[in-house]
Amino acid sequence: MYLRNKNILVIDDTAAIRTFLRISLQARSSMVHEAKTAGEGVDLCAQVKPDLVVMDLGLPDRDGLDILPEIKSMTVNGKSPLIVILSVRKERTTKEKAFELGADDYITKPFLMDDFIEVIEGLMIKREQEV
Amino acid sequence: MTNLKPSDSEQPYILAIIDSHPEASRILRAAKRKAKEINAFWEIVVLEYSSDIDESTEESHEQLLQTLALAQQMEVPIIKMGINSACQKIISIINAKKEQGFKTEVIYIGDTNDISWLPMFFQSPISAKLRRKIDSNTKIVKISFGVEVVHGHRLAKFFRGNLKDIFFCLLAVLIATGVIETLNYLWPQSIGNQNSTKSIIYIIACAFAASRHGLFAGIIASFLGTFMLSVSHVQSSFSLTVKDDADVMSLALFLMAAVFISVSGSNEYRVRRAIARRAARLQSLLRVHRVTLNQKNPSDAIQTLDAEISKLIRTKIAFFLTSTMNPNVLEALFNKDIILSDADSKALQICWEESKATGVGAAGYQGCSWRFEPLIASRNEIGVLGAHIKGTLNFDATFGRLLSDIAGQAALIIERLELGIIAEETRMQAEREKLRAMLLSSVSHDLKTPLASVIGSLSVFRSMGEKLSEFNKHELIDTALEEAQRLDSFITNILDMTRLESGQVVLKAEWVNPKELLASVKKRLRERLSKYKLFIPEKEDDIEICVDEMMTGQVLQNILDNAVKYTTPGTRIEVDWIANNDGFYLQIRDHGLGIPEEQLEKIFDKYARINKQDTKVAGTGLGLAIGRTVMQAQNGLIYANNHPEGGAVFTLWLPLWRQKNKTNTNK
């Protein structure tokens with residue numbers, strides 16, 4: 001219920017990942033936007049002003065970490081979008097770097113959809129409480 | 001022979017001191033008799049005079065070797081030492097023996113044989129020095145050689161070795177006389193009866209003779225000069241009568257001055273000779289060094305050293321280095337056929353364990369035919385250099401020193417190369433480790449991405465199944481299936497690459513129709529190719545190519561997989577082939593964005609992809625790398641370029657093809 005009518009942007013170059021995320025999030029009444037590259041992701045983010053950005057790090061044109069600050073800076077009413085990283089990289093340094101650059105959570109692939117939903121719902125609740 | 005075992009009570013010890021004198025064997029025999037008589041352990045000290053070592057005439061060298069051969073027959077240990085500080089060295093031997101429980105009873109020494117020109121002037125005989133410094137209970141027996149024998153030996157050597165010198169000193173005095181006479185003729189007043197001027201000219205001749213031809217020539221020139229001064233100049237009448245006492249004094253003073261200058265001049269001569277000899281030895285060592293300098297591999301360098309040193313010292317040599325299997329065991333390199341006697345093996349082991357020269361020429365190594373020098377590098381002992389001494393006759397101190405120098409040099413060369421290799425290996429190891437880590441990370445990405453899609457899709461299906469539309473359900477299942485197939489493809493590629501690299505895959509070539517091969521690949525890829533338009537021409541050419549059907553099918557599959565990954569669904573993928581005199585060409589063209597020029601070659605490199613930060617489309621590098629490996633193994637080629645109208649073109653080339661059921665082939 002916390003995902004209803006939420007604007008969610010998925011940036012991942014793997015079509016299969018985008019597909020199951022889209023199906024699952026749409027089934028929870030979210031509005032899902034998809035981008036295959038970092039460039040597309042940044043453009044779409046500026047355009048749709050998402051509540052949540054779910055992004056991969058290994059993107060074909062640029063590293064996901066590079067575009068994190070840019071995405072984080074796109075605020076709406078003083079609020080920057082929530083960012084959840086989905087990546088196969090599990091090194092501690094990469095995770096720390098991601099959090100430092102503005103990520104709100106970091107999920108290592110592969111993952112179960114229920115776990116992912118739990119994480120993003122938790123972030124949404126926290127954001128609402130902050131408001 | 002008496003064993004070298006100290007007992008509770010002091011054991012008698014006898015030392016025989018010899019040199020290159022032809023009668024030295026008498027000392028040996030006397031010492032041996034005494035040793036037998038009092039049941040003593042005995043050893044020989046061989047004194048090597050500079051004349052024996054450096055200016056060795058064949059004769060004195062031969063004499064020494066004959067004496068040493070006799071000593072060897074007597075099975076007596078031999079200690080060699082230079083004449084410098086010989087007395088101290090002998091005393092330290094006696095003291096060392098005392099500590100081992102030996103009492104030095106008798107020292108045998110020749111009576112006249114430590115006479116040479118300089119020791120005669122500046123040194124007292126060793127026997128006298130020893131007498132002053134050792135225990136009075138130790139008897140010093142001087143074996144007299146007799147004047148006649150000594151003179152015979154010395155004089156014979158003297159004249160044989162110095163004829164050239166005598167000629168030159170005569171020449172020098174003659175030139176001096178000529179100069180004096182010329183001056184006298186040209187300027188009678190300038191010389192006249194000025195003895196001082198004449199003396200100076202003769203002294204110059206003496207100094208010249210001594211500095212160019214040694215002390216002997218200088219002394220002869222001094223006497224000749226005195227004679228000439230006396231007969232031709234002191235007495236202007238050319239008679240031998242001395243006019244007055246002042247002339248006698250002048251002549252005596254001239255002789256003294258001439259002798260003194262000759263001694264000084266001859267020192268310069270000796271130093272120059274020594275420097276020249278040292279330079280020559282250094283040159284030969286440098287040559288060995290230079291030859292090995294260009295060798296990068298220690299094994300090659302040791303082989304070169306082995307050959308060069310054998311040539312330099314004219315004997316068989318061997319490098320004994322630690323075994324690679326067991327660092328405590330020494331192994332002979334290159335000369336594996338060397339069979340060492342028990343005595344030699346023992347000497348080798350002692351040389352290695354105690355880092356000292358052993359074998360021929362060292363005390364306590366009877367029966368050895370090898371000399372061993374430890375190879376001591378800057379850090380530690382790395383092995384042993386062995387030289388085969390034929391019949392133990394060719395060994396003297398010069399040779400020992402040369403061998404020792406060569407061993408030191410060789411050790412440093414080997415160490416330098418080994419350190420270089422270790423550094424290189426460490427660097428390579430670090431590179432390999434880095435590459436391995438990157439490959440592992442890349443492979444893990446390749447495997448985890450499709451796995452994430454499968455797990456993600458199935459977990460969505462499980463938790464939301466009822467709420468999903470039929471279309472979405474199918475979409476999820478199809479996604480999971482496709483990704484599982486992709487995973488299968490990655491795993492196949494990884495396994496293929498591993499097996500190809502380890503040589504486990506043996507390609508089995510057979511004649512195959514390319515059309516049938518493509519059809520089989522198309523069938524396998526029908527799921528993945530369903531969204532693309534694949535064109536395979538219908539040709540009735542009945543061509544056959546000689547390939548491993550399964551692996552070549554895998555190569556085609558990898559190229560088509562690539563096309564699917566990099567191009568938009570709905571675009572065309574075209575396949576075509578041609579067979580002509582140049583061979584068989586098969587091309588696969590897609591309608592994607594093409595490949596950046598700088599990547600056209602790199603995409604076939606297994607490691608190219610892992611150097612990139614992004615790993616956008618997993619598995620590509622490996623698939624094409626497999627393609628290249630397989631094609632090369634079939635004497636063929638695979639390469640990529642961009643089509644002028646867009647899209648990438650992959651070409652397979654094979655040298656062999658044939659028309660089905662025809663025997664003639666293209667090549």
# chains A, B, ... in the order shown; residues from 1 in each chain; ligands from 1
>>> closest_atom_pairs(of="chain A", to="chain B", cutoff="9 Å", atoms="only C-alpha atoms", output="tab-separated table")
residue	atom	partner	partner_atom	distance
A:Asp13	CA	B:Lys616	CA	6.8
A:Thr14	CA	B:Thr449	CA	7.9
A:Ala15	CA	B:Thr479	CA	8.7
A:Ala16	CA	B:Ser453	CA	5.6
A:Ile17	CA	B:Ser453	CA	5.2
A:Arg18	CA	B:Ser453	CA	8.8
A:Thr19	CA	B:Leu476	CA	7.5
A:Phe20	CA	B:Ser457	CA	5.2
A:Leu21	CA	B:Gly456	CA	7.9
A:Ile23	CA	B:Asn472	CA	6.6
A:Ser24	CA	B:Val460	CA	6.0
A:Ala27	CA	B:Leu468	CA	6.8
A:Leu57	CA	B:Asp614	CA	8.2
A:Gly58	CA	B:Asp614	CA	4.8
A:Leu59	CA	B:Asp614	CA	5.8
A:Pro60	CA	B:Lys616	CA	4.9
A:Asp61	CA	B:Asp614	CA	7.6
A:Arg62	CA	B:Asp614	CA	7.3
A:Asp63	CA	B:Asp614	CA	6.6
A:Ser87	CA	B:Thr449	CA	8.7
A:Val88	CA	B:His445	CA	6.1
A:Arg89	CA	B:His445	CA	7.9
A:Lys109	CA	B:Ala452	CA	5.5
A:Pro110	CA	B:Ala452	CA	3.8
A:Phe111	CA	B:Gly456	CA	6.3
A:Leu112	CA	B:Gly456	CA	5.6
A:Met113	CA	B:Ser459	CA	5.5
A:Asp114	CA	B:Ser463	CA	7.3
>>> write_last_selection(atoms="N, CA, C and O atoms", output="JSON list (two decimals), in the first residue's frame")
[["chain", "number", "residue", "atom", "x", "y", "z"],
["A", 13, "ASP", "N", 20.46, -2.18, -17.33],
["A", 13, "ASP", "CA", 20.65, -2.54, -18.74],
["A", 13, "ASP", "C", 20.11, -3.94, -19.05],
["A", 13, "ASP", "O", 19.98, -4.31, -20.21],
["A", 14, "THR", "N", 19.82, -4.74, -18.02],
["A", 14, "THR", "CA", 19.31, -6.08, -18.28],
["A", 14, "THR", "C", 17.79, -6.05, -18.38],
["A", 14, "THR", "O", 17.09, -5.73, -17.41],
["A", 15, "ALA", "N", 17.31, -6.40, -19.56],
["A", 15, "ALA", "CA", 15.87, -6.32, -19.82],
["A", 15, "ALA", "C", 15.07, -7.18, -18.85],
["A", 15, "ALA", "O", 14.01, -6.78, -18.36],
["A", 16, "ALA", "N", 15.60, -8.35, -18.53],
["A", 16, "ALA", "CA", 14.88, -9.29, -17.67],
["A", 16, "ALA", "C", 14.66, -8.70, -16.28],
["A", 16, "ALA", "O", 13.59, -8.85, -15.69],
["A", 17, "ILE", "N", 15.64, -7.99, -15.77],
["A", 17, "ILE", "CA", 15.52, -7.36, -14.43],
["A", 17, "ILE", "C", 14.43, -6.28, -14.48],
["A", 17, "ILE", "O", 13.57, -6.19, -13.60],
["A", 18, "ARG", "N", 14.52, -5.48, -15.53],
["A", 18, "ARG", "CA", 13.52, -4.40, -15.66],
["A", 18, "ARG", "C", 12.12, -5.00, -15.75],
["A", 18, "ARG", "O", 11.18, -4.50, -15.16],
["A", 19, "THR", "N", 12.02, -6.13, -16.49],
["A", 19, "THR", "CA", 10.71, -6.75, -16.71],
["A", 19, "THR", "C", 10.07, -7.20, -15.39],
["A", 19, "THR", "O", 8.94, -6.82, -15.08],
["A", 20, "PHE", "N", 10.83, -7.98, -14.60],
["A", 20, "PHE", "CA", 10.16, -8.49, -13.38],
["A", 20, "PHE", "C", 9.93, -7.39, -12.35],
["A", 20, "PHE", "O", 8.95, -7.40, -11.62],
["A", 21, "LEU", "N", 10.81, -6.36, -12.35],
["A", 21, "LEU", "CA", 10.58, -5.23, -11.44],
["A", 21, "LEU", "C", 9.33, -4.48, -11.85],
["A", 21, "LEU", "O", 8.49, -4.12, -11.02],
["A", 23, "ILE", "N", 6.74, -5.60, -13.62],
["A", 23, "ILE", "CA", 5.51, -6.37, -13.36],
["A", 23, "ILE", "C", 5.15, -6.32, -11.89],
["A", 23, "ILE", "O", 4.00, -6.06, -11.50],
["A", 24, "SER", "N", 6.14, -6.53, -11.04],
["A", 24, "SER", "CA", 5.89, -6.58, -9.60],
["A", 24, "SER", "C", 5.43, -5.23, -9.06],
["A", 24, "SER", "O", 4.47, -5.15, -8.29],
["A", 27, "ALA", "N", 1.98, -4.19, -10.32],
["A", 27, "ALA", "CA", 0.94, -4.94, -9.61],
["A", 27, "ALA", "C", 0.65, -4.31, -8.25],
["A", 27, "ALA", "O", -0.39, -4.56, -7.67],
["A", 57, "LEU", "N", 24.56, -0.64, -10.93],
["A", 57, "LEU", "CA", 25.81, 0.15, -10.98],
["A", 57, "LEU", "C", 26.55, -0.09, -12.30],
["A", 57, "LEU", "O", 27.14, 0.83, -12.86],
["A", 58, "GLY", "N", 26.53, -1.32, -12.78],
["A", 58, "GLY", "CA", 27.26, -1.63, -14.02],
["A", 58, "GLY", "C", 26.45, -1.26, -15.25],
["A", 58, "GLY", "O", 25.87, -2.11, -15.91],
["A", 59, "LEU", "N", 26.43, 0.04, -15.55],
["A", 59, "LEU", "CA", 25.64, 0.50, -16.71],
["A", 59, "LEU", "C", 26.58, 0.68, -17.91],
["A", 59, "LEU", "O", 27.78, 0.93, -17.74],
["A", 60, "PRO", "N", 26.06, 0.50, -19.11],
["A", 60, "PRO", "CA", 26.95, 0.49, -20.28],
["A", 60, "PRO", "C", 27.69, 1.79, -20.56],
["A", 60, "PRO", "O", 28.84, 1.76, -20.98],
["A", 61, "ASP", "N", 27.06, 2.93, -20.34],
["A", 61, "ASP", "CA", 27.74, 4.19, -20.69],
["A", 61, "ASP", "C", 28.55, 4.78, -19.55],
["A", 61, "ASP", "O", 29.62, 5.31, -19.76],
["A", 62, "ARG", "N", 27.99, 4.71, -18.34],
["A", 62, "ARG", "CA", 28.72, 5.27, -17.19],
["A", 62, "ARG", "C", 28.50, 4.37, -15.99],
["A", 62, "ARG", "O", 27.53, 3.60, -15.93],
["A", 63, "ASP", "N", 29.38, 4.51, -15.02],
["A", 63, "ASP", "CA", 29.18, 3.74, -13.80],
["A", 63, "ASP", "C", 28.04, 4.37, -13.02],
["A", 63, "ASP", "O", 27.93, 5.60, -12.95],
["A", 87, "SER", "N", 22.85, -4.35, -7.30],
["A", 87, "SER", "CA", 24.10, -4.66, -8.03],
["A", 87, "SER", "C", 24.67, -6.01, -7.62],
["A", 87, "SER", "O", 24.41, -6.50, -6.51],
["A", 88, "VAL", "N", 25.45, -6.59, -8.53],
["A", 88, "VAL", "CA", 26.13, -7.85, -8.18],
["A", 88, "VAL", "C", 27.40, -7.55, -7.38],
["A", 88, "VAL", "O", 27.99, -8.45, -6.80],
["A", 89, "ARG", "N", 27.80, -6.28, -7.35],
["A", 89, "ARG", "CA", 29.02, -5.94, -6.61],
["A", 89, "ARG", "C", 28.74, -5.99, -5.12],
["A", 89, "ARG", "O", 27.85, -5.30, -4.65],
["A", 109, "LYS", "N", 22.48, -8.39, -5.91],
["A", 109, "LYS", "CA", 21.82, -9.35, -6.78],
["A", 109, "LYS", "C", 22.49, -10.71, -6.61],
["A", 109, "LYS", "O", 23.71, -10.76, -6.45],
["A", 110, "PRO", "N", 21.83, -11.82, -6.73],
["A", 110, "PRO", "CA", 20.37, -11.92, -6.91],
["A", 110, "PRO", "C", 19.63, -11.72, -5.57],
["A", 110, "PRO", "O", 20.21, -11.88, -4.52],
["A", 111, "PHE", "N", 18.36, -11.37, -5.68],
["A", 111, "PHE", "CA", 17.56, -11.10, -4.47],
["A", 111, "PHE", "C", 16.13, -11.62, -4.69],
["A", 111, "PHE", "O", 15.71, -11.83, -5.84],
["A", 112, "LEU", "N", 15.43, -11.81, -3.60],
["A", 112, "LEU", "CA", 14.02, -12.23, -3.70],
["A", 112, "LEU", "C", 13.17, -10.96, -3.73],
["A", 112, "LEU", "O", 13.48, -9.99, -3.04],
["A", 113, "MET", "N", 12.11, -11.02, -4.54],
["A", 113, "MET", "CA", 11.29, -9.82, -4.71],
["A", 113, "MET", "C", 10.70, -9.34, -3.37],
["A", 113, "MET", "O", 10.62, -8.13, -3.12],
["A", 114, "ASP", "N", 10.29, -10.29, -2.52],
["A", 114, "ASP", "CA", 9.70, -9.92, -1.22],
["A", 114, "ASP", "C", 10.67, -9.08, -0.39],
["A", 114, "ASP", "O", 10.27, -8.10, 0.25]]
>>> residues_around(residues="segment 11-18 of chain B", least_positions_apart="4", cutoff="7 Å", atoms="only C-alpha atoms", output="list of chain:residue names")
B:Pro6, B:Ser7, B:Ala24, B:Ile27, B:Leu28, B:Ala31, B:Ala35, B:Ala40, B:Phe41, B:Trp42, B:Glu43, B:Ile44, B:Val45, B:Val46, B:Leu47, B:Gly101, B:Phe102, B:Lys103, B:Thr104, B:Glu105, B:Val106, B:Ile107, B:Tyr108, B:Ile109, B:Gly110
>>> residues_around(residues="Ile120 of chain A", least_positions_apart="6", cutoff="10 Å", atoms="only C-alpha atoms", output="PyMOL selection string")
chain A and resi 2-3+52+54+82-84+104-105+126
>>> closest_residue(among="A:Val32, A:Val42, A:Phe99, A:Thr93", to="Ile71 of chain A", atoms="only C-alpha atoms")
A:Val42
>>> select_by_dssp(residues="segment 42-110 of chain A", states="strand (DSSP E)", output="list in words")
Leu52, Val53, Val54, Met55, Leu82, Ile83, Val84, Ile85, Leu86, Ser87, Asp105, Tyr106, Ile107 and Thr108 of chain A
>>> write_last_selection(atoms="N, CA, C and O atoms", output="PDB file, in the first residue's frame")
ATOM      1  N   LEU A  52      11.223   7.207  -6.149  1.00  0.00           N
ATOM      2  CA  LEU A  52      12.253   6.206  -5.876  1.00  0.00           C
ATOM      3  C   LEU A  52      12.992   5.866  -7.163  1.00  0.00           C
ATOM      4  O   LEU A  52      12.375   5.689  -8.207  1.00  0.00           O
ATOM      5  N   VAL A  53      14.307   5.786  -7.041  1.00  0.00           N
ATOM      6  CA  VAL A  53      15.107   5.332  -8.194  1.00  0.00           C
ATOM      7  C   VAL A  53      15.744   3.995  -7.801  1.00  0.00           C
ATOM      8  O   VAL A  53      16.422   3.906  -6.779  1.00  0.00           O
ATOM      9  N   VAL A  54      15.463   2.968  -8.613  1.00  0.00           N
ATOM     10  CA  VAL A  54      16.079   1.657  -8.396  1.00  0.00           C
ATOM     11  C   VAL A  54      17.114   1.511  -9.513  1.00  0.00           C
ATOM     12  O   VAL A  54      16.755   1.508 -10.689  1.00  0.00           O
ATOM     13  N   MET A  55      18.379   1.448  -9.121  1.00  0.00           N
ATOM     14  CA  MET A  55      19.385   1.432 -10.206  1.00  0.00           C
ATOM     15  C   MET A  55      20.513   0.421 -10.028  1.00  0.00           C
ATOM     16  O   MET A  55      20.929   0.086  -8.935  1.00  0.00           O
ATOM     17  N   LEU A  82      14.397   8.889  -3.285  1.00  0.00           N
ATOM     18  CA  LEU A  82      15.023   7.767  -2.569  1.00  0.00           C
ATOM     19  C   LEU A  82      15.791   6.950  -3.615  1.00  0.00           C
ATOM     20  O   LEU A  82      15.322   6.804  -4.755  1.00  0.00           O
ATOM     21  N   ILE A  83      16.948   6.441  -3.231  1.00  0.00           N
ATOM     22  CA  ILE A  83      17.729   5.662  -4.213  1.00  0.00           C
ATOM     23  C   ILE A  83      18.076   4.290  -3.620  1.00  0.00           C
ATOM     24  O   ILE A  83      18.624   4.198  -2.517  1.00  0.00           O
ATOM     25  N   VAL A  84      17.727   3.243  -4.364  1.00  0.00           N
ATOM     26  CA  VAL A  84      18.102   1.881  -3.955  1.00  0.00           C
ATOM     27  C   VAL A  84      18.987   1.293  -5.055  1.00  0.00           C
ATOM     28  O   VAL A  84      18.619   1.311  -6.224  1.00  0.00           O
ATOM     29  N   ILE A  85      20.146   0.821  -4.640  1.00  0.00           N
ATOM     30  CA  ILE A  85      21.084   0.226  -5.608  1.00  0.00           C
ATOM     31  C   ILE A  85      20.836  -1.278  -5.693  1.00  0.00           C
ATOM     32  O   ILE A  85      20.688  -1.947  -4.668  1.00  0.00           O
ATOM     33  N   LEU A  86      20.793  -1.794  -6.927  1.00  0.00           N
ATOM     34  CA  LEU A  86      20.724  -3.241  -7.148  1.00  0.00           C
ATOM     35  C   LEU A  86      21.962  -3.621  -7.937  1.00  0.00           C
ATOM     36  O   LEU A  86      22.118  -3.214  -9.081  1.00  0.00           O
ATOM     37  N   SER A  87      22.854  -4.355  -7.299  1.00  0.00           N
ATOM     38  CA  SER A  87      24.097  -4.660  -8.026  1.00  0.00           C
ATOM     39  C   SER A  87      24.672  -6.014  -7.624  1.00  0.00           C
ATOM     40  O   SER A  87      24.411  -6.500  -6.513  1.00  0.00           O
ATOM     41  N   ASP A 105      19.682   2.671   0.149  1.00  0.00           N
ATOM     42  CA  ASP A 105      19.904   1.261   0.495  1.00  0.00           C
ATOM     43  C   ASP A 105      20.651   0.576  -0.645  1.00  0.00           C
ATOM     44  O   ASP A 105      20.725   1.103  -1.751  1.00  0.00           O
ATOM     45  N   TYR A 106      21.158  -0.605  -0.326  1.00  0.00           N
ATOM     46  CA  TYR A 106      21.988  -1.322  -1.305  1.00  0.00           C
ATOM     47  C   TYR A 106      21.616  -2.792  -1.242  1.00  0.00           C
ATOM     48  O   TYR A 106      21.749  -3.432  -0.201  1.00  0.00           O
ATOM     49  N   ILE A 107      21.126  -3.327  -2.337  1.00  0.00           N
ATOM     50  CA  ILE A 107      20.723  -4.739  -2.369  1.00  0.00           C
ATOM     51  C   ILE A 107      21.612  -5.478  -3.374  1.00  0.00           C
ATOM     52  O   ILE A 107      21.802  -5.020  -4.506  1.00  0.00           O
ATOM     53  N   THR A 108      22.141  -6.593  -2.904  1.00  0.00           N
ATOM     54  CA  THR A 108      23.030  -7.360  -3.782  1.00  0.00           C
ATOM     55  C   THR A 108      22.226  -8.362  -4.603  1.00  0.00           C
ATOM     56  O   THR A 108      21.370  -9.074  -4.073  1.00  0.00           O
TER      57      THR A 108
END
>>> closest_residue(among="A:Glu130, A:Arg22, A:Pro50, A:Gly41", to="Ile8 of chain A", atoms="only C-alpha atoms")
A:Pro50
>>> residues_around(residues="Leu507 of chain B", least_positions_apart="6", cutoff="10 Å", atoms="only C-alpha atoms", output="ChimeraX atom specification")
/B:500,547-552,630,633-634
>>> residues_around(residues="Ile494 of chain B", least_positions_apart="5", cutoff="10 Å", atoms="only C-alpha atoms", output="JSON list (two decimals) with C-alpha atoms, in the first residue's frame")
[["chain", "number", "residue", "atom", "x", "y", "z"],
["B", 443, "VAL", "CA", 32.59, -14.31, -14.30],
["B", 488, "ASP", "CA", 23.52, -22.20, -19.44],
["B", 489, "SER", "CA", 25.28, -20.55, -22.35],
["B", 499, "ARG", "CA", 38.80, -27.17, -21.43],
["B", 500, "LEU", "CA", 40.29, -25.58, -24.53],
["B", 619, "GLY", "CA", 29.72, -13.23, -21.57],
["B", 622, "LEU", "CA", 34.49, -15.15, -23.53],
["B", 623, "GLY", "CA", 32.27, -16.28, -26.39],
["B", 626, "ILE", "CA", 36.38, -19.20, -27.63]]
>>> residues_around(residues="Gly592 of chain B", least_positions_apart="4", cutoff="8 Å", atoms="only C-alpha atoms", output="list of chain:residue names")
B:Ala563, B:Tyr566, B:Thr567, B:Thr568, B:Thr571, B:Gly646, B:Gly647, B:Ala648
>>> write_last_selection(atoms="N, CA, C and O atoms", output="PDB file, in the first residue's frame")
ATOM      1  N   ALA B 563      25.021 -10.910 -31.677  1.00  0.00           N
ATOM      2  CA  ALA B 563      24.159 -10.074 -32.514  1.00  0.00           C
ATOM      3  C   ALA B 563      22.849  -9.788 -31.786  1.00  0.00           C
ATOM      4  O   ALA B 563      22.361  -8.650 -31.769  1.00  0.00           O
ATOM      5  N   TYR B 566      23.379  -7.240 -28.880  1.00  0.00           N
ATOM      6  CA  TYR B 566      23.774  -5.875 -29.201  1.00  0.00           C
ATOM      7  C   TYR B 566      22.846  -5.159 -30.177  1.00  0.00           C
ATOM      8  O   TYR B 566      23.112  -4.013 -30.527  1.00  0.00           O
ATOM      9  N   THR B 567      21.851  -5.850 -30.685  1.00  0.00           N
ATOM     10  CA  THR B 567      21.001  -5.146 -31.652  1.00  0.00           C
ATOM     11  C   THR B 567      19.554  -5.136 -31.175  1.00  0.00           C
ATOM     12  O   THR B 567      19.166  -5.899 -30.286  1.00  0.00           O
ATOM     13  N   THR B 568      18.825  -4.269 -31.780  1.00  0.00           N
ATOM     14  CA  THR B 568      17.431  -4.091 -31.379  1.00  0.00           C
ATOM     15  C   THR B 568      16.575  -5.223 -31.946  1.00  0.00           C
ATOM     16  O   THR B 568      16.749  -5.599 -33.105  1.00  0.00           O
ATOM     17  N   THR B 571      15.395  -6.399 -35.887  1.00  0.00           N
ATOM     18  CA  THR B 571      16.357  -6.106 -36.967  1.00  0.00           C
ATOM     19  C   THR B 571      16.814  -7.405 -37.631  1.00  0.00           C
ATOM     20  O   THR B 571      16.593  -8.495 -37.122  1.00  0.00           O
ATOM     21  N   GLY B 646      26.545   0.071 -42.130  1.00  0.00           N
ATOM     22  CA  GLY B 646      26.149  -0.072 -40.726  1.00  0.00           C
ATOM     23  C   GLY B 646      26.074  -1.522 -40.278  1.00  0.00           C
ATOM     24  O   GLY B 646      25.840  -2.426 -41.074  1.00  0.00           O
ATOM     25  N   GLY B 647      26.294  -1.704 -38.981  1.00  0.00           N
ATOM     26  CA  GLY B 647      26.246  -3.050 -38.413  1.00  0.00           C
ATOM     27  C   GLY B 647      27.609  -3.729 -38.411  1.00  0.00           C
ATOM     28  O   GLY B 647      28.518  -3.327 -39.148  1.00  0.00           O
ATOM     29  N   ALA B 648      27.717  -4.724 -37.549  1.00  0.00           N
ATOM     30  CA  ALA B 648      28.989  -5.446 -37.450  1.00  0.00           C
ATOM     31  C   ALA B 648      28.970  -6.669 -38.355  1.00  0.00           C
ATOM     32  O   ALA B 648      27.922  -7.267 -38.580  1.00  0.00           O
TER      33      ALA B 648
END
>>> atom_distance(atom1="atom CA of Glu601 of chain B", atom2="atom CA of Asn581 of chain B")
25.9 Å
>>> residues_around(residues="Gly218 of chain B", least_positions_apart="4", cutoff="9 Å", atoms="only C-alpha atoms", output="list in words")
Cys169, Ala205, Cys206, Ala207, Phe208, Ala209, Ala210, Ser211, Arg212, His213, Gly214, Ser222, Phe223, Ala258, Val259, Ile261, Ser262, Val263, Gly265 and Ser266 of chain B
>>> write_last_selection(atoms="C-alpha atoms", output="PDB file, in the first residue's frame")
ATOM      1  CA  CYS B 169     121.406  -4.232 -20.248  1.00  0.00           C
ATOM      2  CA  ALA B 205     121.123   3.434 -18.454  1.00  0.00           C
ATOM      3  CA  CYS B 206     121.040   1.374 -15.237  1.00  0.00           C
ATOM      4  CA  ALA B 207     117.678   2.835 -14.190  1.00  0.00           C
ATOM      5  CA  PHE B 208     116.301   2.128 -17.669  1.00  0.00           C
ATOM      6  CA  ALA B 209     117.563  -1.470 -17.618  1.00  0.00           C
ATOM      7  CA  ALA B 210     116.174  -2.092 -14.121  1.00  0.00           C
ATOM      8  CA  SER B 211     112.796  -0.526 -14.780  1.00  0.00           C
ATOM      9  CA  ARG B 212     112.297  -2.326 -18.103  1.00  0.00           C
ATOM     10  CA  HIS B 213     113.938  -5.676 -17.387  1.00  0.00           C
ATOM     11  CA  GLY B 214     114.056  -6.095 -13.622  1.00  0.00           C
ATOM     12  CA  SER B 222     125.526  -1.187 -12.787  1.00  0.00           C
ATOM     13  CA  PHE B 223     128.629  -3.355 -12.899  1.00  0.00           C
ATOM     14  CA  ALA B 258     123.715   2.443  -9.677  1.00  0.00           C
ATOM     15  CA  VAL B 259     122.779  -0.610  -7.573  1.00  0.00           C
ATOM     16  CA  ILE B 261     118.738   2.950  -8.449  1.00  0.00           C
ATOM     17  CA  SER B 262     118.519  -0.519 -10.005  1.00  0.00           C
ATOM     18  CA  VAL B 263     116.807  -1.902  -6.901  1.00  0.00           C
ATOM     19  CA  GLY B 265     113.852   0.711 -10.672  1.00  0.00           C
ATOM     20  CA  SER B 266     113.263  -3.026 -10.436  1.00  0.00           C
TER      21      SER B 266
END
